[in-house]
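File shown: coords-v5.csv (CSV, C-alpha atoms).
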chain,number,residue,atom,x,y,z
A,804,MET,CA,89.7,104.9,128.3
A,805,PRO,CA,87.2,104.6,125.4
A,806,THR,CA,85.7,101.3,124.3
A,807,TYR,CA,86.1,99.7,120.9
A,808,ARG,CA,82.5,100.6,120.2
A,809,GLU,CA,83.0,104.2,121.1
A,810,ILE,CA,86.1,104.5,118.9
A,811,TYR,CA,84.3,102.7,116.0
A,812,PHE,CA,81.4,105.2,115.9
A,813,ASN,CA,83.6,108.2,116.5
A,814,LEU,CA,85.8,107.3,113.6
A,815,LEU,CA,82.7,106.7,111.4
A,816,LYS,CA,81.4,110.2,112.2
A,817,GLU,CA,84.6,111.7,110.8
A,818,ASN,CA,83.5,110.7,107.3
A,819,ASN,CA,87.1,110.3,106.1
A,820,LYS,CA,87.2,108.6,102.7
A,821,TYR,CA,89.8,106.2,103.8
A,822,LEU,CA,88.1,105.1,107.0
A,823,ASN,CA,85.2,102.9,105.9
A,824,LYS,CA,83.7,100.3,108.1
A,825,ASN,CA,86.0,97.5,107.0
A,826,VAL,CA,89.1,99.6,107.5
A,827,ILE,CA,88.0,100.7,111.0
A,828,ILE,CA,87.2,97.2,112.1
A,829,SER,CA,90.6,96.0,110.7
A,830,LEU,CA,92.4,98.7,112.7
A,831,LEU,CA,90.5,97.9,115.8
A,832,THR,CA,91.0,94.1,115.5
A,833,ASP,CA,94.8,94.8,115.1
A,834,ALA,CA,94.8,97.1,118.2
A,835,SER,CA,92.8,94.6,120.2
A,836,LYS,CA,95.4,91.8,119.7
A,837,PHE,CA,92.5,89.4,119.2
A,838,ASP,CA,93.4,88.8,115.6
A,839,ASP,CA,89.8,87.8,115.0
A,840,ARG,CA,86.9,90.1,114.1
A,841,MET,CA,84.3,87.8,115.8
A,842,VAL,CA,86.3,88.0,119.1
A,843,LEU,CA,86.5,91.7,118.7
A,844,HIS,CA,82.8,92.0,118.3
A,845,ALA,CA,82.3,89.9,121.4
A,846,ASN,CA,84.5,92.4,123.3
A,847,PHE,CA,83.2,95.5,121.6
A,848,ASP,CA,82.3,97.2,124.9
A,849,LYS,CA,85.7,96.7,126.6
A,850,GLU,CA,88.2,99.5,126.8
A,851,VAL,CA,90.9,99.8,124.1
A,852,VAL,CA,94.1,98.2,125.3
A,853,ASP,CA,96.6,100.4,123.4
A,854,ILE,CA,94.9,103.6,122.3
A,855,GLU,CA,98.1,105.4,121.4
A,856,HIS,CA,99.1,102.7,118.9
A,857,LEU,CA,95.7,102.6,117.4
A,858,MET,CA,95.5,106.4,116.9
A,859,VAL,CA,98.9,106.5,115.3
A,860,ASN,CA,97.7,103.9,112.8
A,861,VAL,CA,94.4,105.8,112.3
A,862,ASP,CA,96.3,109.0,111.5
A,863,LEU,CA,98.4,107.2,108.9
A,864,VAL,CA,95.3,105.8,107.2
A,865,LYS,CA,93.6,109.2,107.3
A,866,LYS,CA,96.5,110.6,105.4
A,867,GLY,CA,96.1,108.1,102.6
A,868,MET,CA,98.4,105.2,103.4
A,869,PRO,CA,96.6,101.9,102.6
A,870,TYR,CA,95.7,100.3,105.9
A,871,GLN,CA,97.3,97.0,104.9
A,872,TYR,CA,100.7,98.8,104.7
A,873,VAL,CA,100.0,100.5,108.0
A,874,LEU,CA,99.3,97.2,109.7
A,875,GLY,CA,102.1,95.4,107.8
A,876,TYR,CA,99.8,92.6,106.7
A,877,SER,CA,96.8,91.6,104.6
A,878,TYR,CA,94.7,88.5,104.1
A,879,PHE,CA,94.5,86.4,101.0
A,880,LEU,CA,92.1,83.5,100.9
A,881,GLY,CA,92.1,83.5,104.7
A,882,ASN,CA,95.9,83.4,105.1
A,883,LYS,CA,97.7,86.3,106.8
A,884,ILE,CA,100.2,87.8,104.3
A,885,ILE,CA,103.0,90.2,105.2
A,886,VAL,CA,103.0,93.2,103.0
A,887,ASN,CA,105.0,96.4,102.6
A,888,LYS,CA,105.7,99.1,100.0
A,889,ASP,CA,107.8,96.7,98.0
A,890,VAL,CA,104.8,94.4,97.1
A,891,LEU,CA,101.3,94.9,95.8
A,892,ILE,CA,98.4,94.5,98.2
A,893,PRO,CA,96.7,91.2,97.3
A,894,ARG,CA,93.3,91.8,95.7
A,895,GLN,CA,90.0,90.0,95.7
A,896,GLU,CA,90.2,89.5,91.9
A,897,THR,CA,93.5,87.7,92.3
A,898,GLU,CA,91.8,85.4,94.9
A,899,GLN,CA,89.3,84.4,92.2
A,900,LEU,CA,92.2,83.5,89.8
A,901,THR,CA,93.9,81.5,92.5
A,902,VAL,CA,90.7,79.6,93.5
A,903,ASP,CA,90.0,78.7,89.9
A,904,THR,CA,93.6,77.4,89.5
A,905,ILE,CA,93.3,75.3,92.7
A,906,VAL,CA,90.0,73.8,91.5
A,907,TYR,CA,91.8,72.8,88.2
A,908,LEU,CA,94.7,71.3,90.1
A,909,ARG,CA,92.4,69.2,92.3
A,910,LYS,CA,90.6,67.9,89.2
A,911,ALA,CA,93.7,67.2,87.2
A,912,PHE,CA,95.9,65.6,89.9
A,913,THR,CA,95.5,63.1,92.7
A,914,LYS,CA,96.7,63.7,96.2
A,915,ASN,CA,99.7,61.5,95.5
A,916,ASP,CA,100.8,63.5,92.4
A,917,THR,CA,103.4,66.2,92.5
A,918,PRO,CA,102.3,68.9,90.1
A,919,VAL,CA,105.0,71.5,89.2
A,920,ILE,CA,103.6,75.0,89.5
A,921,ALA,CA,105.1,78.5,89.0
A,922,ASP,CA,103.7,81.7,90.4
A,923,VAL,CA,105.2,84.3,88.0
A,924,CYS,CA,105.5,87.9,89.2
A,925,THR,CA,104.9,86.5,92.7
A,926,GLY,CA,105.2,89.8,94.6
A,927,SER,CA,104.2,89.0,98.2
A,928,GLY,CA,103.9,85.3,97.4
A,929,ALA,CA,100.2,85.4,98.2
A,930,ILE,CA,99.3,83.1,95.3
A,931,ALA,CA,102.1,80.7,96.1
A,932,ASN,CA,101.1,80.7,99.7
A,933,ALA,CA,97.5,79.8,98.9
A,934,ILE,CA,98.6,76.9,96.6
A,935,GLU,CA,101.1,75.7,99.1
A,936,HIS,CA,98.2,75.4,101.7
A,937,GLU,CA,95.8,73.7,99.3
A,938,ILE,CA,98.0,71.5,97.2
A,939,PRO,CA,100.6,70.4,99.8
A,940,ASN,CA,102.4,67.9,97.5
A,941,ALA,CA,103.0,70.4,94.8
A,942,LYS,CA,106.5,71.6,93.8
A,943,ILE,CA,106.1,75.4,93.6
A,944,TYR,CA,108.3,78.1,92.2
A,945,GLY,CA,107.9,81.8,92.5
A,946,THR,CA,109.6,84.3,90.3
A,947,ASP,CA,109.9,88.1,90.5
A,948,ILE,CA,112.2,90.7,89.1
A,949,SER,CA,112.4,92.5,92.5
A,950,LEU,CA,114.7,91.2,95.2
A,951,TYR,CA,112.9,93.3,97.7
A,952,ALA,CA,109.6,91.6,96.8
A,953,LEU,CA,111.2,88.2,97.1
A,954,LYS,CA,112.4,89.0,100.6
A,955,ILE,CA,108.7,89.5,101.6
A,956,ALA,CA,107.5,86.4,99.6
A,957,LYS,CA,110.0,84.2,101.5
A,958,LYS,CA,108.5,85.3,104.8
A,959,ASN,CA,105.0,84.3,103.6
A,960,THR,CA,105.7,80.7,102.5
A,961,LYS,CA,107.6,77.7,103.7
A,962,LYS,CA,108.3,75.3,100.8
A,963,VAL,CA,108.3,77.6,97.7
A,964,GLU,CA,111.5,78.0,95.8
A,965,PHE,CA,111.9,81.6,94.7
A,966,LEU,CA,114.0,82.7,91.7
A,967,CYS,CA,114.9,86.3,90.9
A,968,GLY,CA,114.6,87.5,87.3
A,969,ASN,CA,112.3,88.7,84.5
A,970,LEU,CA,109.0,86.7,84.2
A,971,ILE,CA,109.9,83.1,83.2
A,972,ASP,CA,113.5,83.6,82.4
A,973,PRO,CA,114.7,82.1,85.7
A,974,LEU,CA,112.6,79.0,85.1
A,975,ILE,CA,114.1,78.6,81.6
A,976,ASP,CA,117.6,78.9,83.1
A,977,LYS,CA,116.8,76.3,85.7
A,978,LYS,CA,115.3,74.0,83.0
A,979,VAL,CA,112.0,73.7,84.9
A,980,LYS,CA,109.0,72.0,83.2
A,981,LEU,CA,105.6,73.1,84.5
A,982,ASP,CA,102.2,71.7,84.7
A,983,VAL,CA,100.7,75.0,85.7
A,984,LEU,CA,101.8,78.6,85.4
A,985,ILE,CA,99.8,81.3,87.2
A,986,CYS,CA,100.6,84.9,86.7
A,987,ASN,CA,99.4,88.4,87.7
A,988,PRO,CA,101.8,90.5,85.8
A,989,PRO,CA,102.1,94.3,85.3
A,990,TYR,CA,99.5,95.1,82.7
A,991,ILE,CA,98.4,98.8,83.1
A,992,GLU,CA,99.4,100.9,80.2
A,993,ASN,CA,97.6,104.1,81.0
A,994,ILE,CA,98.5,105.5,84.4
A,995,ASN,CA,95.3,107.6,84.4
A,996,ASN,CA,93.5,104.3,85.0
A,997,ILE,CA,95.3,103.8,88.3
A,998,ASP,CA,93.7,105.0,91.6
A,999,LYS,CA,95.7,107.8,93.2
A,1000,GLN,CA,96.1,105.9,96.5
A,1001,VAL,CA,97.5,102.9,94.6
A,1002,TRP,CA,99.8,105.1,92.5
A,1003,ASP,CA,101.1,106.9,95.5
A,1004,TYR,CA,101.9,103.9,97.6
A,1005,GLU,CA,102.2,100.6,95.7
A,1006,PRO,CA,105.2,99.6,93.6
A,1007,HIS,CA,105.0,101.0,90.0
A,1008,LEU,CA,107.2,98.1,88.8
A,1009,ALA,CA,104.4,95.7,89.6
A,1010,LEU,CA,101.7,97.9,87.9
A,1011,ILE,CA,102.9,99.4,84.6
A,1012,ALA,CA,103.6,97.7,81.3
A,1013,SER,CA,104.0,99.3,77.9
A,1014,PRO,CA,102.3,98.0,75.9
A,1015,GLY,CA,99.9,96.4,78.3
A,1016,THR,CA,100.4,93.1,76.6
A,1017,LYS,CA,104.1,93.1,76.9
A,1018,CYS,CA,104.5,90.5,79.7
A,1019,TYR,CA,101.9,88.1,78.2
A,1020,GLU,CA,103.7,88.2,74.8
A,1021,GLU,CA,107.1,87.4,76.4
A,1022,ILE,CA,105.6,84.5,78.3
A,1023,PHE,CA,103.6,83.1,75.2
A,1024,GLN,CA,106.7,83.4,73.1
A,1025,LYS,CA,108.9,81.3,75.4
A,1026,ALA,CA,106.1,79.0,76.9
A,1027,ASN,CA,107.3,76.0,75.0
A,1028,LEU,CA,110.6,76.1,76.8
A,1029,ILE,CA,109.0,75.6,80.3
A,1030,MET,CA,105.5,74.0,79.9
A,1031,LYS,CA,104.9,70.3,79.7
A,1032,GLU,CA,103.0,68.6,76.9
A,1033,HIS,CA,99.7,69.2,78.8
A,1034,TYR,CA,99.4,72.3,80.9
A,1035,LEU,CA,97.3,75.2,82.2
A,1036,MET,CA,98.4,78.9,82.1
A,1037,ALA,CA,96.2,81.2,84.2
A,1038,PHE,CA,96.5,85.0,84.0
A,1039,GLU,CA,95.0,88.1,85.5
A,1040,ILE,CA,94.5,90.6,82.7
A,1041,GLU,CA,93.4,94.2,82.0
A,1042,GLU,CA,89.9,94.5,80.7
A,1043,ASP,CA,89.4,95.2,77.0
A,1044,ILE,CA,92.7,93.5,75.8
A,1045,GLU,CA,91.1,90.2,74.7
A,1046,GLU,CA,91.5,90.8,71.0
A,1047,ALA,CA,95.2,91.6,71.4
A,1048,LEU,CA,95.8,88.6,73.5
A,1049,ILE,CA,94.0,86.3,71.0
A,1050,LYS,CA,96.3,87.5,68.3
A,1051,LEU,CA,99.3,86.8,70.4
A,1052,MET,CA,98.0,83.3,71.4
A,1053,ASN,CA,97.4,82.5,67.7
A,1054,LYS,CA,100.9,83.7,66.9
A,1055,TYR,CA,102.8,81.8,69.6
A,1056,LEU,CA,100.6,79.0,71.1
A,1057,ASP,CA,99.7,76.1,68.8
A,1058,GLY,CA,97.1,73.5,69.8
A,1059,CYS,CA,95.8,75.4,72.8
A,1060,THR,CA,92.3,76.3,73.9
A,1061,TYR,CA,91.6,79.4,75.8
A,1062,ARG,CA,88.7,81.1,77.7
A,1063,PHE,CA,88.2,84.4,79.3
A,1064,HIS,CA,86.4,84.8,82.6
A,1065,LYS,CA,84.8,87.8,84.2
A,1066,ASP,CA,85.4,89.0,87.8
A,1067,ILE,CA,82.8,89.7,90.4
A,1068,TYR,CA,82.4,93.2,88.9
A,1069,ASP,CA,81.5,91.7,85.5
A,1070,LYS,CA,84.8,92.8,84.0
A,1071,THR,CA,86.8,90.4,81.8
A,1072,ARG,CA,89.7,89.9,84.2
A,1073,PHE,CA,91.1,86.3,83.7
A,1074,LEU,CA,92.6,84.3,80.8
A,1075,TYR,CA,92.9,80.5,81.0
A,1076,ILE,CA,95.0,78.7,78.4
A,1077,ILE,CA,94.8,74.9,78.3
A,1078,LYS,CA,96.7,72.3,76.3

Mind turning the file's structure into structure tokens?
Amino acid sequence: MPTYREIYFNLLKENNKYLNKNVIISLLTDASKFDDRMVLHANFDKEVVDIEHLMVNVDLVKKGMPYQYVLGYSYFLGNKIIVNKDVLIPRQETEQLTVDTIVYLRKAFTKNDTPVIADVCTGSGAIANAIEHEIPNAKIYGTDISLYALKIAKKNTKKVEFLCGNLIDPLIDKKVKLDVLICNPPYIENINNIDKQVWDYEPHLALIASPGTKCYEEIFQKANLIMKEHYLMAFEIEEDIEEALIKLMNKYLDGCTYRFHKDIYDKTRFLYIIK
């Protein structure tokens, strides 16, 4: 039986575009049942426990399926998140949006406060899950138009209340008033901008919007119905739509300040609106 080390280097030699070092280590960690990369490295010269299971997963990845879907989970800010074809795979950029929002919450509220927060277009519930861990006293809602996505989200959180419907409409119906809204909506207008692997496997409903500002406008237009007097709205955005968003904010949001932030790739990726 080959060792983890032998499998690792043999897979690297294949030069498959989907089998980079990170993916191979993720597959090996899953097959090892250690659930910890450091423990895997400490046992790198031991024989693979379930080689058949590992190679089935390797073959699926080599054919193009994202390794997170193959494994059935991903990680978001250190938390293990169940994923399948009904939800987007959580991205590093979205982690940055979530961390910034958590920092705001810690500054704006004490440990005894109960901020009301909504994760709109929640998908897998990764954002809601992270906030649930970091702001335990918060009242958190998650909305999504997909019932299939919400089934996954419910498995990933314990205390979040999920509502099915378009954007913030379920919150309006429930007469919720929010301190914080965080949202990673569909915003890609040109499908040519979507990586083929993403287009082939991830849910189009969570990717495409026409125009690209559609979801933002709907939220801005109705924000006064769900936001408290003082609030934060935090969004992930497509790059190069700042001017269009500024026009919409000027049209619908009075008395607010806003700022755009760049992601780790130096692309304008986040919008924060404060009142």

Practice task
Can you work out which one of A:Val919, A:Trp1002, A:Val963, A:Leu984 has the shortest atom-to-atom distance to Thr904 of chain A, counting only C-alpha atoms?
Solution key: A:Leu984

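For the residues A:Leu1035, A:Cys924, A:Ala1026, A:Ile938, ranking by smallest atom-to-atom distance to Tyr1055 of chain A using only C-alpha atoms places A:Ala1026 first.
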
Handout entry: Exercise: segment 989-1001 of chain A partners within 9 Å, all atoms listed in the file, chain neighbours under 5 positions left out, as a list in words
Key = Gly867, Met868, Pro869, Leu891, Cys924, Pro1006, His1007, Leu1008, Ala1009, Leu1010, Ile1011, Ala1012, Ser1013, Pro1014, Gly1015, Thr1016, Lys1017, Cys1018, Tyr1019, Glu1039, Ile1040 and Glu1041 of chain A

Handout entry: Contacts of Lys978 of chain A within 10 Å, only C-alpha atoms, excl. fewer than 4 positions in-chain, as a list of chain:residue names
Key = A:Asp972, A:Pro973, A:Leu974, A:Leu1028, A:Ile1029

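The interatomic distance for the pair atom CA of Lys1054 of chain A and atom CA of Gly968 of chain A works out to 24.9 Å.
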
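Each of A:Val861, A:Val890, A:Val983, A:Thr806 was compared to Lys1031 of chain A using all atoms listed in the file, and A:Val983 turns out to be the nearest.
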
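Taking atom CA of Leu880 of chain A and atom CA of Glu898 of chain A as the two end points, the separation is 6.3 Å.
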
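Atom CA of Gln895 of chain A is positioned 8.9 Å from atom CA of Ile1067 of chain A.
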
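Of the residues under consideration (A:Tyr907, A:Phe879, A:Tyr811, A:Phe912), A:Phe879 shows the shortest atom-to-atom contact distance to Arg894 of chain A when counting all atoms listed in the file.
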
Practice task
Determine, counting all atoms listed in the file, which protein, DNA and RNA residues have an atom within 7 Å of an atom of segment 849-852 of chain A; residues of the same chain fewer than 5 positions away are not included. Present the result as a PyMOL selection string.
Solution key: chain A and resi 804-807+835

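Residue nearest Asn846 of chain A within the list A:Ile1022, A:Lys1050, A:Arg808, A:Asn813: A:Arg808 [criterion: smallest interatomic distance, only C-alpha atoms].
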
Problem - Spatial sel., origin (105.2, 83.6, 89.6), limit 9 Å, all atoms listed in the file, listed as a VMD selection string - result: chain A and resid 920 to 926 928 930 to 931 944 to 947 965 970 to 971 984 to 988

Write the residues of the preceding selection, restricted to C-alpha atoms, as a PDB file, keeping the file's coordinate frame.
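The result, stored in part.pdb:
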ATOM      1  CA  ILE A 920     103.600  75.000  89.500  1.00  0.00           C
ATOM      2  CA  ALA A 921     105.100  78.500  89.000  1.00  0.00           C
ATOM      3  CA  ASP A 922     103.700  81.700  90.400  1.00  0.00           C
ATOM      4  CA  VAL A 923     105.200  84.300  88.000  1.00  0.00           C
ATOM      5  CA  CYS A 924     105.500  87.900  89.200  1.00  0.00           C
ATOM      6  CA  THR A 925     104.900  86.500  92.700  1.00  0.00           C
ATOM      7  CA  GLY A 926     105.200  89.800  94.600  1.00  0.00           C
ATOM      8  CA  GLY A 928     103.900  85.300  97.400  1.00  0.00           C
ATOM      9  CA  ILE A 930      99.300  83.100  95.300  1.00  0.00           C
ATOM     10  CA  ALA A 931     102.100  80.700  96.100  1.00  0.00           C
ATOM     11  CA  TYR A 944     108.300  78.100  92.200  1.00  0.00           C
ATOM     12  CA  GLY A 945     107.900  81.800  92.500  1.00  0.00           C
ATOM     13  CA  THR A 946     109.600  84.300  90.300  1.00  0.00           C
ATOM     14  CA  ASP A 947     109.900  88.100  90.500  1.00  0.00           C
ATOM     15  CA  PHE A 965     111.900  81.600  94.700  1.00  0.00           C
ATOM     16  CA  LEU A 970     109.000  86.700  84.200  1.00  0.00           C
ATOM     17  CA  ILE A 971     109.900  83.100  83.200  1.00  0.00           C
ATOM     18  CA  LEU A 984     101.800  78.600  85.400  1.00  0.00           C
ATOM     19  CA  ILE A 985      99.800  81.300  87.200  1.00  0.00           C
ATOM     20  CA  CYS A 986     100.600  84.900  86.700  1.00  0.00           C
ATOM     21  CA  ASN A 987      99.400  88.400  87.700  1.00  0.00           C
ATOM     22  CA  PRO A 988     101.800  90.500  85.800  1.00  0.00           C
TER      23      PRO A 988
END

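For the residues A:Leu900, A:Leu950, A:Cys967, A:Leu843, ranking by smallest atom-to-atom distance to Ala933 of chain A using all atoms listed in the file places A:Leu900 first.
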
Practice task
Pick out the residues sitting within 10 Å of Lys866 of chain A, and hand them over as a ChimeraX atom specification; count all atoms listed in the file, and ignore anything fewer than 6 positions along from it in its own chain.
Solution key: /A:819-821

Take every atom of segment 851-863 of chain A listed in the file, fit an axis-aligned box around them, add 3 Å per side, and give the centre and edge lengths in Å to one decimal as lines of an AutoDock Vina configuration file.
center_x = 95.0
center_y = 103.6
center_z = 117.1
size_x = 14.2
size_y = 16.8
size_z = 22.4
